[in-house]
Structure formats: C-alpha cells, structure tokens
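The structure appears below as structure tokens.
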Amino acid sequence: MKRIASLVLSVSLGVSAAPVAKAQQAESPYRTRFVVDAPITVGLGAVSGLGLYLVQQKNGLSQQQLAALNKNDVPKFDRFVAGNYSDQAQLNSDALCYGSLLVAPGLLVLNDNARGRYGQVAALYLQTMLATDAVFTMSVGTVTRYRPFLYGTEGPENKRSSRIATNSFFAGHTAHTATATFFAAKVFHDFNPDSPAEPFVWGAAALVPAAVAYYRMEAGKHFLSDNLVGYAVGATMGVVVPQLHKTTGRTGVSLVPMQGLNANGYSYGGLLLTKQL
C-alpha cells in the first residue's frame with residue numbers, strides 16, 4: 001500500500017485544477033480550517049509513517065515455521081480461504097483498489113455542486129484516507145497474522161518467507177477502497193441530498209470494495225475476517241470524517257416544541273430533538 005499516498009496526492013493536486021466557472025457559487029456543506037485540519041492531517045501521516053516503520057521491523061517465517069502451519073489452526077469461518085493463491089486475482093484486486101482511489105473522488109469533479117469546492121473536497125479526502133491508513137499501518141505493524149496462501153504450497157519462495165506474509169490482518173486494499181468509494185458517496189449525498197442517483201451511488205460504493213475483498217481472498221492475501229474488518233474500517237472513515245466537518249446549518253441540532261394526542265386520547269407536550277446525518 002505504499003502507493004496510496006502518491007495516488008491521493010495526485011487527486012488532490014491534479015483534479016482540483018478542473019474548471020469551476022459555474023459551480024464557484026455552490027455552498028459547501030463542510031467547514032474546514034487550516035489551523036485545525038492541517039495539523040490533524042500531518043499527525044495522521046506521521047502515525048502512518050510509524051506504522052510502516054513497525055512493519056519493517058517484523059520478521060518473515062523460517063522454513064520450520066512454514067512447515068508447521070496447519071489449516072486446522074485457522075478459525076472455521078476463515079478456513080475456506082486457507083491455501084488459496086492466484087496471481088491473476090491479485091492483479092484484479094490491485095487494479096480495482098488503485099483505480100478506485102483515483103476514480104471515486106475524481107468523479108466528484110463532474111458534479112457541479114462539488115466541483116466549485118473541490119479544493120476543500122480534496123483536502124478532506126486526503127485526511128480521510130490518511131485516517132484509514134493510520135489505523136491500517138499500525139494494525140499490520142503490531143499484529144502478526146499469516147496470509148492464507150502460506151497454508152498451501154503455491155507462491156514463490158521469496159513471498160512465503162517475506163515479512164509481508166505476516167500482514168494478513170487487516171485487509172488494506174479493501175479498507176482503502178471502501179474509504180474512497182464511501183467518501184465519494186457521502187460527499188455526493190451532502191452536496192446533492194435530494195438526487196435520484198443516490199441509490200446507485202451508494203450501491204456502487206458498497207459493491208466495489210466487496211469485489212476487492214473477494215479477489216483478495218482468491219489471491220490468498222486475506223481471510224474473510226480480515227476483509228470484514230477492512231471493509232468496516234474503510235466505510236466508517238469514508239463517512240465519519242466528512243460528517244465531522246459538516247456545517248452547523250446542515251447538521252446542527254434542532255430543538256422545537258411539539259404537542260398532540262396519544263393513542264389513548266391523552267394530550268402530551270414537549271420538545272423534539274433532531275440531528276441531521
């Protein structure tokens with residue numbers, strides 16, 4: 001996943017230069033402040049760097065350790081993946097993952113409302129992706145779980161004994177893809193809350209990382225549980241980080257008086273507290 005940062009920066013720097021003539025007047029649903037968000041983004045990048053350093057300190061498996069691996073030691077719900085290996089499936093997962101990191105947020109530039117605020121959107125995307133990356137790198141840097149293909153006989157020897165063969169938990173490709181697609185869907189929703197395209201946008205956001213998860217299992221890179229955690233982390237970051245930046249006008253708490261009659265004919269009165277998501 002070392003290419004994540006460069007791909008995100010490509011979106012942030014390249015796509016934000018698109019024409020903004022008509023969409024310049026679009027009201028942003030988000031509030032960002034450089035003095036707050038810049039240190040947060042830098043801090044997340046530092047945590048990601050620390051995680052990568054910890055990964056480099058891990059050790060690969062010896063021949064004795066490889067020979068001792070047994071599928072029966074894998075939890076039953078993950079065992080069906082143990083022993084899988086496919087170079088083609090890995091290529092498919094790479095293409096879907098790295099492609100989505102550019103395409104998903106890049107498609108937002110086609111939307112008139114989001115295009116006029118794309119500099120802000122790109123900055124939010126970078127922060128969101130780094131939030132996922134920080135959790136991911138710290139996890140693989142501190143947790144040792146053997147990849148599924150080690151429980152079979154396929155795969156080149158240098159991969160089987162490599163330190164990255166211990167990075168099964170959790171699925172980084174799935175997590176980063178889910179972050180990209182759910183971020184794009186969330187931002188599209190916030191800029192276009194009444195769009196009839198929303199079901200298709202959210203549907204695509206859910207399906208693409210699921211496809212990546214499938215190929216990662218076929219490739220023998222991650223177990224089902226690794227992908228479920230990766231999907232959950234990525235989708236959560238993709239939605240929560242933009243949500244935390246929403247303006248008060250669109251997400252503030254609403255408190256209004258209300259009164260009426262209940263099913264038994266008794267009158268009631270009180271206050272209705274609502275919070276828009």
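Quick note on naming: the chains in the structure tokens go A, B, ... in the order shown, residues restart at 1 in each chain, and ligands are numbered from 1 in order of appearance.
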Contact table range 65-124 of chain A vs range 160-164 of chain A, cut-off 12 Å, shortest pair per residue, only C-alpha atoms, as a tab-separated table:
```
residue	atom	partner	partner_atom	distance
A:Gln65	CA	A:Ser161	CA	9.5
A:Leu66	CA	A:Arg160	CA	8.0
A:Ala67	CA	A:Arg160	CA	11.1
A:Leu69	CA	A:Arg160	CA	11.9
A:Gly83	CA	A:Arg160	CA	11.9
A:Tyr85	CA	A:Arg160	CA	11.4
```
Legend entry - Residues within 9 Å of range 126-141 of chain A, only C-alpha atoms, excluding chain neighbours under 3 positions, as an MDAnalysis selection string: chainID A and resid 1 4:5 8:9 11:12 37:38 40:42 44:58 121:123 144:145 164 166:172 175:176 179:180 183 230 233:234 237:242
Inset, instruction - Considering only C-alpha atoms, state which residue in the set A:Arg31, A:Arg79, A:Lys71, A:His173 is at the smallest distance from Tyr98 in chain A. - result: A:His173
Legend entry - Residue nearest Thr174 in chain A - candidates A:Tyr125, A:Tyr231, A:Tyr214, A:Phe191, atoms counted: only C-alpha atoms: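 Looking at the shortest contact to Thr174 in chain A, the residue is A:Tyr231.
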Inset, instruction - Mind checking which residues fall within 10 Å of Val74 in chain A, counting only C-alpha atoms, ignoring those fewer than 6 positions away in the same chain, and posting them as a list of chain:residue names? - result: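 Returned residues: A:Phe80, A:Val81, A:Ala82, A:Tyr146, A:Pro148, A:Tyr151, A:Phe223.
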Next, the residues of the selection above should be written as a PDB file, in the first residue's frame with C-alpha atoms.
```pdb
ATOM      1  CA  PHE A  80     -12.198 -21.989   3.384  1.00  0.00           C
ATOM      2  CA  VAL A  81      -9.685 -19.326   2.288  1.00  0.00           C
ATOM      3  CA  ALA A  82      -6.601 -21.087   3.684  1.00  0.00           C
ATOM      4  CA  TYR A 146      -0.119 -15.285   8.437  1.00  0.00           C
ATOM      5  CA  PRO A 148      -3.890 -17.581   3.704  1.00  0.00           C
ATOM      6  CA  TYR A 151      -1.286 -22.695   4.325  1.00  0.00           C
ATOM      7  CA  PHE A 223      -9.066 -14.185   5.217  1.00  0.00           C
TER       8      PHE A 223
END
```
Inset, instruction - Quick one: pull the distance between CA of Ala104 in chain A and CA of Phe182 in chain A, Å, one decimal. - result: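 Here the two named atoms are 8.7 Å from each other.
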Inset, instruction - Excluding Phe188 in chain A and any residue of its chain fewer than 5 positions from it, enumerate the residues within 9 Å of it, using only C-alpha atoms, and give them as a list of chain:residue names. - result: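 So the residues in contact are A:Leu108, A:Asn111, A:Asn113, A:Ala114, A:Phe183, A:Pro193, A:Ser195, A:Glu198, A:Val201.
We find CA of Thr32 in chain A and CA of Leu244 in chain A to be spaced 9.9 Å apart.
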Inset, instruction - Please return as JSON, numbers by chain: the residues of range 44-265 of chain A that backbone DSSP assigns to alpha helix (DSSP H). - result: {"A": [44, 45, 46, 47, 48, 49, 50, 51, 52, 53, 54, 55, 56, 63, 64, 65, 66, 67, 68, 76, 77, 78, 79, 87, 88, 89, 90, 91, 92, 93, 94, 95, 96, 97, 98, 99, 100, 101, 102, 103, 104, 105, 106, 112, 113, 114, 115, 118, 119, 120, 121, 122, 123, 124, 125, 126, 127, 128, 129, 130, 131, 132, 133, 134, 135, 136, 137, 138, 139, 140, 141, 142, 157, 158, 159, 160, 172, 173, 174, 175, 176, 177, 178, 179, 180, 181, 182, 183, 184, 185, 186, 187, 188, 189, 190, 191, 198, 199, 200, 201, 202, 203, 204, 205, 206, 207, 208, 209, 210, 211, 212, 213, 214, 215, 216, 217, 218, 224, 225, 226, 227, 228, 229, 230, 231, 232, 233, 234, 235, 236, 237, 238, 239, 240, 241, 242, 243, 244, 248, 249, 250, 251]}
Next, dump the selected residues to file, keeping only C-alpha atoms, as a compact mmCIF listing (two decimals), in the first residue's frame.
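So again15.txt came out as:
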```
# COMPACT_ATOMS: atom_id res chain seq x y z
CA LEU A 44 -2.27 11.11 10.71
CA GLY A 45 0.53 10.99 8.16
CA ALA A 46 3.06 10.67 10.99
CA VAL A 47 1.13 7.79 12.54
CA SER A 48 1.02 6.09 9.14
CA GLY A 49 4.77 6.51 8.87
CA LEU A 50 5.25 4.98 12.31
CA GLY A 51 3.11 2.03 11.27
CA LEU A 52 5.23 1.48 8.15
CA TYR A 53 8.35 1.59 10.30
CA LEU A 54 6.92 -1.09 12.60
CA VAL A 55 6.11 -3.24 9.58
CA GLN A 56 9.76 -3.05 8.51
CA GLN A 63 11.23 -22.96 6.80
CA GLN A 64 10.41 -24.68 10.07
CA GLN A 65 7.62 -22.22 10.81
CA LEU A 66 6.19 -22.62 7.32
CA ALA A 67 6.23 -26.40 7.62
CA ALA A 68 4.41 -26.22 10.96
CA LYS A 76 -13.63 -22.38 10.88
CA PHE A 77 -15.23 -19.27 9.39
CA ASP A 78 -11.90 -18.38 7.73
CA ARG A 79 -10.68 -21.87 6.87
CA ASP A 87 -1.58 -14.07 -9.27
CA GLN A 88 -4.47 -13.02 -11.52
CA ALA A 89 -6.75 -12.38 -8.56
CA GLN A 90 -4.05 -10.23 -7.01
CA LEU A 91 -3.74 -8.20 -10.21
CA ASN A 92 -7.52 -7.78 -10.29
CA SER A 93 -7.58 -6.56 -6.69
CA ASP A 94 -4.72 -4.14 -7.38
CA ALA A 95 -6.48 -2.71 -10.42
CA LEU A 96 -9.77 -2.22 -8.60
CA CYS A 97 -8.16 -0.79 -5.48
CA TYR A 98 -5.71 1.66 -7.01
CA GLY A 99 -8.18 2.60 -9.72
CA SER A 100 -10.87 3.42 -7.17
CA LEU A 101 -8.51 5.69 -5.23
CA LEU A 102 -8.40 7.97 -8.26
CA VAL A 103 -11.75 7.35 -9.94
CA ALA A 104 -14.10 7.51 -6.93
CA PRO A 105 -13.13 11.00 -5.70
CA GLY A 106 -12.29 12.08 -9.24
CA ASP A 112 -21.50 20.99 -10.45
CA ASN A 113 -22.04 21.50 -6.72
CA ALA A 114 -18.93 19.62 -5.59
CA ARG A 115 -16.67 20.93 -8.37
CA TYR A 118 -13.09 20.64 -4.97
CA GLY A 119 -10.05 22.04 -3.21
CA GLN A 120 -11.85 21.54 0.09
CA VAL A 121 -13.11 18.11 -1.00
CA ALA A 122 -9.59 17.01 -1.98
CA ALA A 123 -8.20 18.13 1.39
CA LEU A 124 -10.95 16.19 3.17
CA TYR A 125 -10.22 13.14 1.01
CA LEU A 126 -6.54 13.25 1.92
CA GLN A 127 -7.37 13.47 5.62
CA THR A 128 -9.92 10.67 5.35
CA MET A 129 -7.54 8.38 3.50
CA LEU A 130 -4.74 9.05 5.97
CA ALA A 131 -7.10 8.24 8.85
CA THR A 132 -7.69 4.82 7.32
CA ASP A 133 -4.01 4.41 6.54
CA ALA A 134 -3.01 5.23 10.12
CA VAL A 135 -5.30 2.53 11.52
CA PHE A 136 -4.19 0.06 8.86
CA THR A 137 -0.44 0.51 9.15
CA MET A 138 -0.50 0.44 12.94
CA SER A 139 -2.52 -2.77 12.80
CA VAL A 140 -0.25 -4.63 10.39
CA GLY A 141 2.77 -3.21 12.19
CA THR A 142 1.74 -4.61 15.56
CA GLU A 157 9.58 -18.79 -2.00
CA ASN A 158 10.59 -15.17 -1.53
CA LYS A 159 6.94 -14.25 -0.85
CA ARG A 160 6.40 -17.13 1.55
CA GLY A 172 -5.61 -2.82 3.43
CA HIS A 173 -6.79 -2.99 -0.18
CA THR A 174 -10.38 -3.48 0.96
CA ALA A 175 -10.14 -0.75 3.61
CA HIS A 176 -8.67 1.88 1.28
CA THR A 177 -11.14 1.05 -1.49
CA ALA A 178 -14.09 1.33 0.90
CA THR A 179 -12.72 4.65 2.15
CA ALA A 180 -12.55 6.03 -1.39
CA THR A 181 -15.98 4.83 -2.53
CA PHE A 182 -17.89 5.64 0.65
CA PHE A 183 -16.21 9.05 0.87
CA ALA A 184 -17.31 9.82 -2.69
CA ALA A 185 -20.86 8.64 -1.97
CA LYS A 186 -21.03 10.63 1.27
CA VAL A 187 -19.75 13.83 -0.35
CA PHE A 188 -22.13 13.37 -3.29
CA HIS A 189 -25.01 12.97 -0.84
CA ASP A 190 -24.05 16.05 1.17
CA PHE A 191 -23.78 18.24 -1.93
CA GLU A 198 -28.21 8.33 -4.66
CA PRO A 199 -29.25 4.63 -4.59
CA PHE A 200 -26.91 3.90 -7.49
CA VAL A 201 -24.08 5.91 -5.95
CA TRP A 202 -24.33 4.13 -2.61
CA GLY A 203 -24.81 0.78 -4.31
CA ALA A 204 -21.60 1.22 -6.31
CA ALA A 205 -19.80 2.42 -3.17
CA ALA A 206 -20.72 -0.83 -1.43
CA LEU A 207 -20.06 -3.22 -4.33
CA VAL A 208 -16.57 -2.12 -5.41
CA PRO A 209 -14.80 -2.82 -2.08
CA ALA A 210 -16.76 -6.07 -1.82
CA ALA A 211 -15.29 -7.11 -5.17
CA VAL A 212 -11.82 -6.18 -3.94
CA ALA A 213 -12.38 -8.30 -0.82
CA TYR A 214 -13.39 -11.26 -3.00
CA TYR A 215 -10.24 -11.03 -5.10
CA ARG A 216 -8.04 -10.63 -2.02
CA MET A 217 -9.40 -13.92 -0.70
CA GLU A 218 -8.97 -15.62 -4.07
CA LEU A 224 -12.76 -13.34 5.33
CA SER A 225 -12.45 -11.76 8.78
CA ASP A 226 -9.54 -9.58 7.60
CA ASN A 227 -11.72 -8.25 4.80
CA LEU A 228 -14.74 -7.69 7.02
CA VAL A 229 -12.65 -5.59 9.38
CA GLY A 230 -11.03 -3.73 6.48
CA TYR A 231 -14.41 -3.02 4.90
CA ALA A 232 -15.84 -1.76 8.20
CA VAL A 233 -12.85 0.49 8.92
CA GLY A 234 -12.79 1.93 5.40
CA ALA A 235 -16.53 2.55 5.14
CA THR A 236 -16.61 4.11 8.61
CA MET A 237 -13.77 6.52 7.86
CA GLY A 238 -15.24 7.39 4.47
CA VAL A 239 -18.49 8.50 6.08
CA VAL A 240 -17.47 9.73 9.53
CA VAL A 241 -14.61 12.08 8.61
CA PRO A 242 -16.72 14.19 6.19
CA GLN A 243 -19.62 14.05 8.65
CA LEU A 244 -17.45 15.54 11.39
CA THR A 248 -23.94 23.69 11.67
CA GLY A 249 -26.53 24.89 9.21
CA ARG A 250 -26.90 21.43 7.72
CA THR A 251 -26.11 19.18 10.62
```
Inset, instruction - Might you pull out every residue within 6 Å of Arg147 in chain A, with only C-alpha atoms counted and same-chain residues fewer than 4 positions away left off, and present them as a list in words? - result: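 Final neighbour list, sorted by chain and number: Ala165, Ser168, Lys221 and His222 of chain A.
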How would the residues just picked look written out with N, CA and C atoms as a PDB file, in the first residue's frame?
```
ATOM      1  N   ALA A 165       4.330 -11.446   4.505  1.00  0.00           N
ATOM      2  CA  ALA A 165       3.471 -12.620   4.600  1.00  0.00           C
ATOM      3  C   ALA A 165       2.804 -12.710   5.966  1.00  0.00           C
ATOM      4  N   SER A 168      -1.543 -10.234   7.307  1.00  0.00           N
ATOM      5  CA  SER A 168      -2.899 -10.563   6.870  1.00  0.00           C
ATOM      6  C   SER A 168      -3.959  -9.690   7.531  1.00  0.00           C
ATOM      7  N   LYS A 221      -4.442 -13.550  -0.042  1.00  0.00           N
ATOM      8  CA  LYS A 221      -3.811 -12.464   0.711  1.00  0.00           C
ATOM      9  C   LYS A 221      -4.473 -12.212   2.060  1.00  0.00           C
ATOM     10  N   HIS A 222      -5.793 -12.419   2.127  1.00  0.00           N
ATOM     11  CA  HIS A 222      -6.507 -12.125   3.368  1.00  0.00           C
ATOM     12  C   HIS A 222      -7.642 -13.111   3.585  1.00  0.00           C
TER      13      HIS A 222
END
```
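The two atoms in question, CA of Phe149 in chain A and CA of Ser86 in chain A, are spaced 8.9 Å apart.
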